[in-house]
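Peer 1: Provided herewith: query.txt, compact mmCIF, C-alpha atoms.
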# COMPACT_ATOMS: atom_id res chain seq x y z
CA MET A 13 89.71 23.96 -31.89
CA GLN A 14 87.59 20.93 -32.74
CA THR A 15 83.89 20.72 -31.96
CA ILE A 16 82.56 17.17 -32.21
CA LEU A 17 79.14 17.05 -33.84
CA THR A 18 78.74 13.38 -34.76
CA THR A 19 78.74 10.09 -32.88
CA ASP A 20 81.47 8.71 -35.18
CA ASP A 21 83.82 11.61 -34.39
CA LEU A 22 83.15 11.19 -30.67
CA ALA A 23 83.87 7.46 -30.90
CA GLN A 24 87.16 8.15 -32.67
CA PHE A 25 88.22 10.60 -29.96
CA CYS A 26 87.31 8.09 -27.24
CA ASP A 27 89.36 5.44 -29.05
CA ARG A 28 92.35 7.81 -29.02
CA ALA A 29 91.79 8.32 -25.29
CA LYS A 30 92.20 4.60 -24.60
CA GLY A 31 95.58 3.84 -23.13
CA GLN A 32 95.95 7.35 -21.72
CA PRO A 33 96.42 7.63 -17.94
CA TYR A 34 93.67 10.22 -17.59
CA VAL A 35 91.21 12.51 -19.37
CA THR A 36 90.06 15.88 -18.02
CA VAL A 37 86.33 16.63 -18.20
CA ASP A 38 84.02 19.58 -17.71
CA THR A 39 80.50 20.53 -18.77
CA GLU A 40 78.39 23.58 -19.46
CA PHE A 41 74.70 23.37 -18.67
CA LEU A 42 71.55 25.31 -17.87
CA ARG A 43 69.32 24.81 -14.85
CA GLU A 44 67.59 28.12 -14.24
CA ARG A 45 64.32 27.04 -15.87
CA THR A 46 64.31 23.28 -15.24
CA TYR A 47 64.47 20.81 -12.35
CA TYR A 48 67.08 18.68 -14.10
CA SER A 49 70.16 20.26 -15.67
CA LYS A 50 70.17 20.57 -19.45
CA LEU A 51 73.56 19.47 -20.76
CA CYS A 52 74.77 21.94 -23.40
CA LEU A 53 78.47 21.16 -23.87
CA VAL A 54 81.12 18.64 -22.80
CA GLN A 55 84.82 19.54 -22.78
CA LEU A 56 87.52 16.85 -22.87
CA ALA A 57 91.31 16.96 -22.94
CA LEU A 58 94.03 14.31 -23.08
CA PRO A 59 97.39 14.50 -21.23
CA GLY A 60 100.30 16.66 -22.30
CA ALA A 61 100.75 20.37 -22.78
CA ASP A 62 99.77 19.91 -26.43
CA GLY A 63 97.39 17.01 -25.81
CA GLU A 64 94.20 16.86 -27.83
CA ALA A 65 91.35 18.95 -26.45
CA VAL A 66 87.84 18.93 -27.90
CA LEU A 67 84.35 20.26 -27.40
CA VAL A 68 81.43 17.84 -27.71
CA ASP A 69 78.06 19.31 -28.65
CA PRO A 70 75.33 17.12 -27.12
CA LEU A 71 72.70 19.34 -28.77
CA ALA A 72 73.93 18.39 -32.26
CA GLU A 73 71.24 16.47 -34.14
CA GLY A 74 71.81 12.72 -34.06
CA LEU A 75 74.82 12.79 -31.75
CA SER A 76 74.87 10.04 -29.10
CA LEU A 77 77.04 10.25 -25.99
CA ASP A 78 77.28 6.44 -25.75
CA PRO A 79 81.00 6.37 -26.74
CA LEU A 80 81.72 8.86 -23.96
CA MET A 81 79.78 6.75 -21.46
CA ASP A 82 81.91 3.75 -22.48
CA LEU A 83 85.02 5.85 -21.83
CA PHE A 84 83.64 6.84 -18.43
CA ARG A 85 83.21 3.15 -17.58
CA ASP A 86 86.82 2.32 -18.54
CA GLU A 87 88.52 1.78 -15.18
CA THR A 88 92.02 2.10 -16.64
CA ILE A 89 91.59 5.83 -17.29
CA VAL A 90 91.21 8.39 -14.48
CA LYS A 91 88.47 10.95 -15.12
CA VAL A 92 89.54 14.33 -13.77
CA PHE A 93 86.96 17.00 -12.85
CA HIS A 94 86.94 20.15 -10.75
CA ALA A 95 83.98 20.43 -8.35
CA ALA A 96 82.45 17.38 -9.99
CA ARG A 97 79.11 17.04 -8.22
CA GLN A 98 76.87 18.83 -10.72
CA ASP A 99 78.67 17.29 -13.70
CA LEU A 100 78.30 13.81 -12.25
CA GLU A 101 74.64 14.40 -11.49
CA ILE A 102 73.99 15.17 -15.16
CA PHE A 103 75.72 12.02 -16.40
CA PHE A 104 74.00 9.85 -13.80
CA ILE A 105 70.51 11.27 -14.32
CA ASP A 106 70.77 11.27 -18.14
CA HIS A 107 72.74 8.05 -18.69
CA GLY A 108 72.95 6.15 -15.38
CA VAL A 109 76.76 6.41 -15.41
CA ILE A 110 79.18 7.75 -12.79
CA PRO A 111 82.69 8.11 -14.28
CA ALA A 112 85.28 5.91 -12.56
CA PRO A 113 87.92 6.09 -11.35
CA LEU A 114 87.31 9.70 -10.37
CA PHE A 115 89.60 12.54 -9.31
CA ASP A 116 88.16 15.86 -8.14
CA THR A 117 90.76 18.63 -8.04
CA GLN A 118 88.67 20.74 -5.67
CA VAL A 119 88.64 17.96 -3.08
CA ALA A 120 92.33 17.26 -3.65
CA ALA A 121 93.20 20.94 -3.31
CA MET A 122 91.45 21.15 0.07
CA VAL A 123 93.46 18.17 1.30
CA CYS A 124 96.64 19.73 -0.08
CA GLY A 125 96.21 22.98 1.85
CA PHE A 126 94.60 25.30 -0.72
CA GLY A 127 91.69 26.20 1.56
CA GLU A 128 87.97 25.51 1.71
CA GLN A 129 86.15 24.85 -1.60
CA VAL A 130 88.90 26.47 -3.64
CA GLY A 131 87.79 27.67 -7.07
CA TYR A 132 89.20 26.55 -10.41
CA GLU A 133 90.32 30.09 -11.25
CA THR A 134 92.43 30.18 -8.07
CA LEU A 135 94.11 26.87 -8.88
CA VAL A 136 94.85 27.99 -12.44
CA LYS A 137 96.51 31.11 -11.05
CA LYS A 138 98.47 29.36 -8.29
CA ILE A 139 99.47 26.13 -10.06
CA ALA A 140 99.36 26.82 -13.80
CA ARG A 141 100.42 30.48 -13.40
CA GLN A 142 97.77 31.56 -15.89
CA GLN A 143 94.85 33.98 -15.87
CA LEU A 144 91.37 32.91 -16.96
CA ASP A 145 89.05 35.02 -19.05
CA LYS A 146 85.71 34.53 -17.27
CA SER A 147 83.68 36.89 -19.47
CA SER A 148 81.68 33.98 -20.95
CA ARG A 149 80.84 32.40 -17.59
CA PHE A 150 77.17 33.39 -17.54
CA THR A 151 76.33 33.08 -21.23
CA ASP A 152 73.45 30.98 -22.59
CA TRP A 153 75.17 27.71 -23.46
CA SER A 154 72.09 26.35 -25.22
CA ARG A 155 72.22 28.92 -28.04
CA ARG A 156 73.88 28.00 -31.30
CA PRO A 157 76.25 28.76 -32.86
CA LEU A 158 78.71 29.09 -30.00
CA THR A 159 81.01 32.10 -30.23
CA GLU A 160 84.78 31.75 -30.41
CA ALA A 161 84.95 33.41 -26.97
CA GLN A 162 82.63 30.76 -25.54
CA LYS A 163 84.69 27.96 -27.07
CA THR A 164 87.96 29.39 -25.75
CA TYR A 165 86.47 29.82 -22.29
CA ALA A 166 85.07 26.28 -22.27
CA LEU A 167 88.30 24.63 -23.40
CA ALA A 168 90.30 26.45 -20.72
CA ASP A 169 88.29 24.54 -18.14
CA VAL A 170 89.95 21.29 -19.20
CA THR A 171 93.34 22.30 -20.64
CA HIS A 172 94.67 23.92 -17.45
CA LEU A 173 93.06 21.09 -15.49
CA ARG A 174 95.76 18.72 -16.79
CA GLN A 175 98.57 20.63 -15.06
CA ILE A 176 96.51 21.06 -11.90
CA TYR A 177 95.76 17.32 -11.75
CA GLU A 178 99.37 16.28 -12.24
CA PHE A 179 100.57 18.73 -9.59
CA LEU A 180 97.95 17.71 -7.00
CA SER A 181 98.19 13.97 -7.62
CA GLY A 182 101.96 14.18 -7.26
CA LYS A 183 101.64 16.11 -4.03
CA LEU A 184 99.14 13.60 -2.65
CA GLU A 185 101.41 10.67 -3.43
CA ALA A 186 104.40 12.41 -1.84
CA SER A 187 102.45 13.26 1.32
CA GLY A 188 100.66 9.89 1.60
CA ARG A 189 97.27 11.62 1.48
CA ALA A 190 95.87 10.03 -1.67
CA ARG A 191 93.74 7.77 0.54
CA TRP A 192 92.20 10.86 2.16
CA VAL A 193 90.91 12.07 -1.20
CA HIS A 194 89.62 8.59 -2.01
CA GLU A 195 87.58 8.65 1.22
CA GLU A 196 86.15 12.06 0.37
CA LEU A 197 85.12 10.93 -3.11
CA ALA A 198 82.95 8.12 -1.72
CA VAL A 199 79.98 10.51 -1.53
CA LEU A 200 80.48 11.71 -5.12
CA THR A 201 80.64 8.17 -6.50
CA ASP A 202 77.54 6.98 -4.60
CA PRO A 203 74.46 6.97 -6.89
CA ALA A 204 72.27 7.83 -3.89
CA THR A 205 73.89 11.29 -3.86
CA TYR A 206 72.07 12.16 -7.08
CA VAL A 207 68.62 10.77 -6.32
CA THR A 208 66.18 13.07 -4.54
CA LYS A 209 63.22 11.09 -3.28
CA PRO A 210 60.13 13.25 -2.74
CA GLN A 211 59.57 11.69 0.70
CA ASP A 212 63.03 12.91 1.77
CA ALA A 213 62.74 16.43 0.34
CA TRP A 214 61.58 17.91 3.67
CA LYS A 215 65.07 17.45 5.11
CA ARG A 216 66.26 20.41 3.03
CA VAL A 217 63.67 22.76 4.48
CA LYS A 218 64.69 24.91 7.44
CA THR A 219 61.80 25.01 9.87
CA ARG A 220 61.13 27.09 12.94
CA SER A 221 59.31 24.38 14.88
CA ASN A 222 60.01 20.77 15.78
CA SER A 223 56.40 19.98 16.62
CA PRO A 224 55.71 16.48 15.23
CA ARG A 225 52.41 17.61 13.64
CA PHE A 226 54.06 20.66 12.05
CA VAL A 227 56.92 18.52 10.71
CA ALA A 228 54.40 16.01 9.31
CA ILE A 229 52.74 18.78 7.29
CA VAL A 230 56.15 20.01 6.11
CA GLN A 231 56.93 16.46 4.99
CA GLU A 232 53.73 16.20 2.96
CA LEU A 233 54.12 19.63 1.37
CA ALA A 234 57.78 19.07 0.47
CA ALA A 235 57.00 15.64 -1.01
CA PHE A 236 54.21 17.08 -3.16
CA ARG A 237 56.40 19.96 -4.36
CA GLU A 238 59.34 17.71 -5.22
CA GLY A 239 57.21 15.21 -7.11
CA TYR A 240 55.38 17.97 -8.99
CA ALA A 241 58.68 19.66 -9.95
CA GLN A 242 60.30 16.40 -11.06
CA GLU A 243 57.31 15.32 -13.13
CA ARG A 244 57.15 18.64 -15.00
CA ASN A 245 60.92 19.31 -14.96
CA ILE A 246 60.59 22.76 -13.41
CA PRO A 247 62.56 24.27 -10.48
CA ARG A 248 60.99 23.48 -7.12
CA ASN A 249 60.88 27.21 -6.29
CA ARG A 250 58.60 27.70 -9.29
CA VAL A 251 56.02 25.57 -7.46
CA PHE A 252 56.40 27.42 -4.17
CA LYS A 253 59.39 28.58 -2.16
CA ASP A 254 60.57 27.33 1.22
CA ASP A 255 59.24 30.33 3.11
CA ALA A 256 55.79 29.74 1.61
CA LEU A 257 56.01 26.06 2.51
CA VAL A 258 56.73 26.89 6.15
CA GLU A 259 53.91 29.43 6.18
CA LEU A 260 51.48 26.84 4.77
CA ALA A 261 52.52 24.30 7.41
CA SER A 262 51.80 26.92 10.08
CA THR A 263 48.46 28.24 8.76
CA LYS A 264 47.11 24.85 7.57
CA PRO A 265 44.85 26.17 4.75
CA GLN A 266 41.69 24.16 4.17
CA ASN A 267 40.32 25.73 0.99
CA ALA A 268 41.10 28.06 -1.91
CA GLY A 269 40.02 31.06 0.15
CA ASP A 270 42.65 30.26 2.77
CA LEU A 271 45.31 29.95 0.05
CA GLY A 272 44.31 33.37 -1.28
CA ARG A 273 45.26 34.90 2.05
CA SER A 274 48.80 33.51 1.96
CA ARG A 275 51.40 36.30 1.94
CA LEU A 276 54.12 34.23 0.30
CA LEU A 277 52.39 31.92 -2.14
CA LEU A 278 52.85 32.67 -5.85
CA ARG A 279 49.68 33.56 -7.74
CA GLU A 280 49.99 30.46 -9.93
CA ALA A 281 50.00 28.27 -6.83
CA ARG A 282 46.64 29.52 -5.56
CA LYS A 283 44.67 27.64 -8.22
CA GLY A 284 44.69 24.51 -10.32
CA ALA A 285 46.86 21.47 -9.73
CA ILE A 286 49.29 23.18 -7.36
CA ALA A 287 46.51 24.48 -5.13
CA ASP A 288 44.84 21.06 -5.10
CA GLY A 289 48.17 19.43 -4.21
CA ILE A 290 48.84 21.88 -1.39
CA LEU A 291 45.42 21.36 0.18
CA ALA A 292 45.73 17.57 -0.11
CA ALA A 293 49.23 17.63 1.42
CA VAL A 294 48.14 19.80 4.35
CA LYS A 295 45.13 17.54 4.98
CA ALA A 296 47.37 14.45 4.87
CA GLY A 297 49.69 15.98 7.44
CA VAL A 298 46.83 17.10 9.68
CA ASP A 299 45.09 13.72 9.47
CA ARG A 300 48.19 11.57 9.92
CA PRO A 301 47.63 9.22 12.90
CA LYS A 302 49.48 10.23 16.04
CA GLU A 303 51.47 6.99 16.08
CA ASP A 304 52.76 7.77 12.56
CA LEU A 305 53.98 11.28 13.31
CA PRO A 306 57.72 11.84 12.86
CA LYS A 307 59.87 11.32 15.91
CA VAL A 308 61.79 14.57 15.96
CA GLU A 309 65.29 14.02 17.23
CA ASP A 310 66.92 16.56 19.48
CA SER A 311 68.90 19.01 17.38
CA ARG A 312 72.51 19.67 18.20
CA ASP A 313 71.47 23.11 19.39
CA ARG A 314 69.84 21.37 22.35
CA LEU A 315 72.74 19.07 23.13
CA GLN A 316 74.26 19.31 26.57
CA VAL A 317 77.44 20.89 25.27
CA ASN A 318 80.30 21.51 27.66
CA PRO A 319 81.19 25.05 26.51
CA ALA A 320 84.70 25.02 27.98
CA LEU A 321 85.49 21.72 26.28
CA ALA A 322 84.04 23.00 23.00
CA ASP A 323 86.36 26.01 23.19
CA LEU A 324 89.37 23.77 23.84
CA LEU A 325 88.43 21.61 20.87
CA ARG A 326 88.37 24.71 18.68
CA VAL A 327 91.86 25.61 19.84
CA LEU A 328 93.04 22.06 19.13
CA LEU A 329 91.46 22.17 15.68
CA LYS A 330 93.24 25.43 14.89
CA ALA A 331 96.55 23.86 15.88
CA LYS A 332 95.87 20.75 13.77
CA THR A 333 94.80 22.89 10.81
CA GLU A 334 98.06 24.84 10.90
CA GLN A 335 100.05 21.65 11.33
CA SER A 336 98.36 19.71 8.48
CA GLY A 337 97.57 22.57 6.12
CA VAL A 338 94.04 21.22 5.65
CA ALA A 339 91.08 23.60 5.86
CA SER A 340 89.49 23.48 9.33
CA LYS A 341 85.93 23.13 7.99
CA LEU A 342 86.99 20.07 6.01
CA ILE A 343 88.41 18.44 9.14
CA ALA A 344 85.60 19.34 11.56
CA PRO A 345 82.80 21.90 11.25
CA SER A 346 81.56 23.62 14.41
CA SER A 347 78.61 21.24 14.65
CA ASP A 348 81.02 18.29 14.97
CA LEU A 349 82.98 20.04 17.71
CA ASP A 350 79.81 20.75 19.69
CA ALA A 351 78.69 17.14 19.27
CA ILE A 352 82.02 15.84 20.57
CA ALA A 353 81.86 18.27 23.49
CA ALA A 354 78.39 16.92 24.27
CA GLY A 355 79.66 13.35 24.42
CA LEU A 356 78.63 12.11 20.97
CA ARG A 357 81.13 9.93 19.13
CA ASP A 358 79.38 9.06 15.87
CA VAL A 359 80.59 12.15 14.01
CA PRO A 360 82.69 12.43 10.83
CA ALA A 361 85.55 14.20 12.62
CA LEU A 362 86.23 11.01 14.60
CA SER A 363 86.46 8.64 11.64
CA GLY A 364 88.69 7.97 8.65
CA TRP A 365 91.56 10.31 7.87
CA ARG A 366 90.01 13.01 10.08
CA ARG A 367 90.57 10.78 13.09
CA GLU A 368 94.28 10.62 12.24
CA VAL A 369 94.60 14.38 11.81
CA PHE A 370 92.34 15.55 14.64
CA GLY A 371 90.00 12.94 16.10
CA GLU A 372 92.47 10.92 18.18
CA ASP A 373 93.76 13.96 20.01
CA ALA A 374 90.23 15.33 20.33
CA LEU A 375 89.20 12.18 22.18
CA ARG A 376 92.31 12.30 24.34
CA LEU A 377 91.51 15.92 25.19
CA CYS A 378 87.98 14.94 26.22
CA GLN A 379 89.44 12.15 28.40
CA GLY A 380 91.87 14.51 30.14
CA ARG A 381 94.90 12.67 28.73
CA ILE A 382 96.40 15.72 27.01
CA ALA A 383 96.53 19.46 27.63
CA LEU A 384 97.10 22.44 25.36
CA ALA A 385 99.83 25.00 25.87
CA ALA A 386 100.69 28.19 24.03
CA LYS A 387 104.23 28.59 22.81
CA GLY A 388 104.81 31.79 20.95
CA LYS A 389 102.22 31.92 18.17
CA THR A 390 101.61 28.18 18.17
CA VAL A 391 99.62 25.75 20.32
CA GLN A 392 101.27 22.57 21.50
CA VAL A 393 99.81 19.29 22.74
CA ILE A 394 101.14 18.29 26.16
CA GLU A 395 100.93 14.66 27.29
CA LEU A 396 99.56 14.21 30.81
Can the structure in the file be given as structure tokens, please?
Peer 2:
Amino acid sequence: MQTILTTDDLAQFCDRAKGQPYVTVDTEFLRERTYYSKLCLVQLALPGADGEAVLVDPLAEGLSLDPLMDLFRDETIVKVFHAARQDLEIFFIDHGVIPAPLFDTQVAAMVCGFGEQVGYETLVKKIARQQLDKSSRFTDWSRRPLTEAQKTYALADVTHLRQIYEFLSGKLEASGRARWVHEELAVLTDPATYVTKPQDAWKRVKTRSNSPRFVAIVQELAAFREGYAQERNIPRNRVFKDDALVELASTKPQNAGDLGRSRLLLREARKGAIADGILAAVKAGVDRPKEDLPKVEDSRDRLQVNPALADLLRVLLKAKTEQSGVASKLIAPSSDLDAIAAGLRDVPALSGWRREVFGEDALRLCQGRIALAAKGKTVQVIEL
């Protein structure tokens, strides 16, 4: 197996890839000790059972990934990934490039009836009829030299991917669902997906209060933590964890002594730059003018949900899931069903391909234009 260590060799491979209908791609990286992923290996394979497959070592001295970025920009070649989000984030953050056109076999498999967030190993077993050796899954990919076992494991992530892609793309074309996958990939191809702005970091934090003042402090603390972690390239949890953040927003510490009494704050966060940042963030949230406090929207938990209608929608969804073969959570999560039952209409389940599969009949059910009837083990839609 070939491991590419120079820019010239990478450029030659990318030249050979030109004119091919697709290239399969995967990466190995580390993120346990950093905010941003550290790219350690790139795997690439060209079409055909015996098509060329290579490893690219981005840690090799002097190697530039520019030829690969040019290949990623070539719109005549489909770039095939499985569960692409983290791979795409690396390429976008490091090089400002999102490969296009894109095909994600995990997304395609969900549309083709393989279940929710199906794993690569499952697809290899079901489509390629092969078993994967996953013994190298959790190895340190930054250490050199790579072992033969690591190389074999890494290459398998792109060689079997060829057969999986051809099977799924063929099935999508035959079923007319290729457009569904294209709609789903819109999030993955949007650069905004991979940019975390410190001022938006609070949205990830689960809080136990919707008090505007409390949320304002959470916003300030989350923004400080995110900016601090990004600037120093360390995991946000190394600054302080979510449970400590919520505790700080509740106790509103005013000095180092108050921080010392925190049950959940790491020792390193009780002094120095982190402590100063915490105290400044809390003060900013406490002092924020009343007119600038966040307007906390009603959560869906407090929606006026019609429970009987919500139950009927769940029955309808089950019927549509069985009929279409698409995972129910991909069509409509429970939160969407509750929102529809509460009268909301701006929900994903009522737009795009989901509207065709489920949304139209969901609206007709809400309007009393259809009924549901059990027939044997199935549920049927009855026109009224």
Peer 1: Sort by chain and increasing residue number a table of all residues of range 102-220 of chain A within 12 Å of range 261-280 of chain A, each with its closest pair of atoms and their distance in Å to one decimal, counting all atoms listed in the file, and write it as CSV.
Peer 2:
residue,atom,partner,partner_atom,distance
A:Trp214,CA,A:Ala261,CA,11.7
A:Val217,CA,A:Ala261,CA,11.6
A:Thr219,CA,A:Ala261,CA,9.6
A:Arg220,CA,A:Ser262,CA,9.8
Peer 1: Between A:Thr15, A:Gln24, A:Gln162, A:Ser154, which has the minimum distance to Leu51 in chain A (counting all atoms listed in the file)?
Peer 2: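 Closest candidate: A:Ser154.
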Peer 1: Kindly give the distance, in Å, that separates CA of Arg248 in chain A and CA of Asp299 in chain A, rounded to a single decimal.
Peer 2: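 Computing the Euclidean distance for CA of Arg248 in chain A and CA of Asp299 in chain A yields 25.0 Å.
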Peer 1: So the first atom is CA of Leu233 in chain A and the second is CA of Asp288 in chain A; what is the distance between them in Å, to one decimal place?
Peer 2: 11.4 Å
Peer 1: With a distance cut-off of 12 Å and all atoms listed in the file, select the neighbouring residues of Ala168 in chain A, excluding the residue or stretch itself and same-chain residues fewer than 3 positions from it, and output the selection as number ranges by chain.
Peer 2: A: 13, 36-39, 55-57, 65-67, 132-133, 136, 140, 142-146, 148-149, 161-165, 171-175
Peer 1: Which residues of range 42-153 of chain A come within 12 Å of range 28-31 of chain A, and for each one, what is the closest pair of atoms and their distance in Å to one decimal, counting all atoms listed in the file, sorted by chain and residue number, as a Markdown table?
Peer 2:
| residue | atom | partner | partner_atom | distance |
| --- | --- | --- | --- | --- |
| A:Leu56 | CA | A:Ala29 | CA | 9.8 |
| A:Ala57 | CA | A:Ala29 | CA | 9.0 |
| A:Leu58 | CA | A:Ala29 | CA | 6.8 |
| A:Pro59 | CA | A:Ala29 | CA | 9.3 |
| A:Gly63 | CA | A:Ala29 | CA | 10.4 |
| A:Glu64 | CA | A:Ala29 | CA | 9.2 |
| A:Ala65 | CA | A:Ala29 | CA | 10.7 |
| A:Val66 | CA | A:Ala29 | CA | 11.6 |
| A:Pro79 | CA | A:Ala29 | CA | 11.1 |
| A:Leu80 | CA | A:Ala29 | CA | 10.2 |
| A:Asp82 | CA | A:Lys30 | CA | 10.5 |
| A:Leu83 | CA | A:Lys30 | CA | 7.8 |
| A:Phe84 | CA | A:Ala29 | CA | 10.8 |
| A:Arg85 | CA | A:Lys30 | CA | 11.5 |
| A:Asp86 | CA | A:Lys30 | CA | 8.4 |
| A:Glu87 | CA | A:Lys30 | CA | 10.5 |
| A:Thr88 | CA | A:Gly31 | CA | 7.6 |
| A:Ile89 | CA | A:Gly31 | CA | 7.3 |
| A:Val90 | CA | A:Gly31 | CA | 10.7 |
| A:Lys91 | CA | A:Ala29 | CA | 11.0 |
Peer 1: Since we have the selection now, will you write its residues out, keeping C-alpha atoms, as a PDB file, in the coordinates of the input?
Peer 2:
ATOM      1  CA  LEU A  56      87.520  16.850 -22.870  1.00  0.00           C
ATOM      2  CA  ALA A  57      91.310  16.960 -22.940  1.00  0.00           C
ATOM      3  CA  LEU A  58      94.030  14.310 -23.080  1.00  0.00           C
ATOM      4  CA  PRO A  59      97.390  14.500 -21.230  1.00  0.00           C
ATOM      5  CA  GLY A  63      97.390  17.010 -25.810  1.00  0.00           C
ATOM      6  CA  GLU A  64      94.200  16.860 -27.830  1.00  0.00           C
ATOM      7  CA  ALA A  65      91.350  18.950 -26.450  1.00  0.00           C
ATOM      8  CA  VAL A  66      87.840  18.930 -27.900  1.00  0.00           C
ATOM      9  CA  PRO A  79      81.000   6.370 -26.740  1.00  0.00           C
ATOM     10  CA  LEU A  80      81.720   8.860 -23.960  1.00  0.00           C
ATOM     11  CA  ASP A  82      81.910   3.750 -22.480  1.00  0.00           C
ATOM     12  CA  LEU A  83      85.020   5.850 -21.830  1.00  0.00           C
ATOM     13  CA  PHE A  84      83.640   6.840 -18.430  1.00  0.00           C
ATOM     14  CA  ARG A  85      83.210   3.150 -17.580  1.00  0.00           C
ATOM     15  CA  ASP A  86      86.820   2.320 -18.540  1.00  0.00           C
ATOM     16  CA  GLU A  87      88.520   1.780 -15.180  1.00  0.00           C
ATOM     17  CA  THR A  88      92.020   2.100 -16.640  1.00  0.00           C
ATOM     18  CA  ILE A  89      91.590   5.830 -17.290  1.00  0.00           C
ATOM     19  CA  VAL A  90      91.210   8.390 -14.480  1.00  0.00           C
ATOM     20  CA  LYS A  91      88.470  10.950 -15.120  1.00  0.00           C
TER      21      LYS A  91
END
Peer 1: Near Ala190 in chain A, within 8 Å and counting only C-alpha atoms, which residues show up once chain neighbours fewer than 5 positions away are dropped, as an NGL selection string?
Peer 2: :A and (181 or 184-185)
Peer 1: Quick one: of A:Asn318, A:Gln32, A:Thr46, A:Thr19, who's nearest to Pro247 in chain A, counting only C-alpha atoms?
Peer 2: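 Ranked by minimum distance to Pro247 in chain A, first place goes to A:Thr46.
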Peer 1: Excluding same-chain residues fewer than 3 positions from Glu232 in chain A, what lies within 7 Å of it counting only C-alpha atoms, as an mmCIF file with C-alpha atoms, keeping the file's coordinate frame?
Peer 2:
data_model
loop_
_atom_site.group_PDB
_atom_site.id
_atom_site.type_symbol
_atom_site.label_atom_id
_atom_site.label_comp_id
_atom_site.auth_asym_id
_atom_site.auth_seq_id
_atom_site.Cartn_x
_atom_site.Cartn_y
_atom_site.Cartn_z
ATOM 1 C CA ALA A 228 54.400 16.010 9.310
ATOM 2 C CA ILE A 229 52.740 18.780 7.290
ATOM 3 C CA ALA A 235 57.000 15.640 -1.010
ATOM 4 C CA PHE A 236 54.210 17.080 -3.160
ATOM 5 C CA ALA A 293 49.230 17.630 1.420
ATOM 6 C CA VAL A 294 48.140 19.800 4.350
ATOM 7 C CA ALA A 296 47.370 14.450 4.870
ATOM 8 C CA GLY A 297 49.690 15.980 7.440
#
Peer 1: From the list A:Val207, A:Ala386, A:Cys26, A:Ile394, which residue is nearest Ile105 in chain A when using all atoms listed in the file?
Peer 2: A:Val207
Peer 1: Name all residues at most 7 Å from range 343-355 of chain A (count all atoms listed in the file; drop same-chain ones fewer than 2 positions away) and give them as a list of chain:residue names.
Peer 2: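 My list of contacting residues is A:Arg312, A:Leu315, A:Gln316, A:Val317, A:Asn318, A:Leu321, A:Ala322, A:Leu325, A:Ala339, A:Ser340, A:Lys341, A:Arg357, A:Val359, A:Ala361, A:Arg366.
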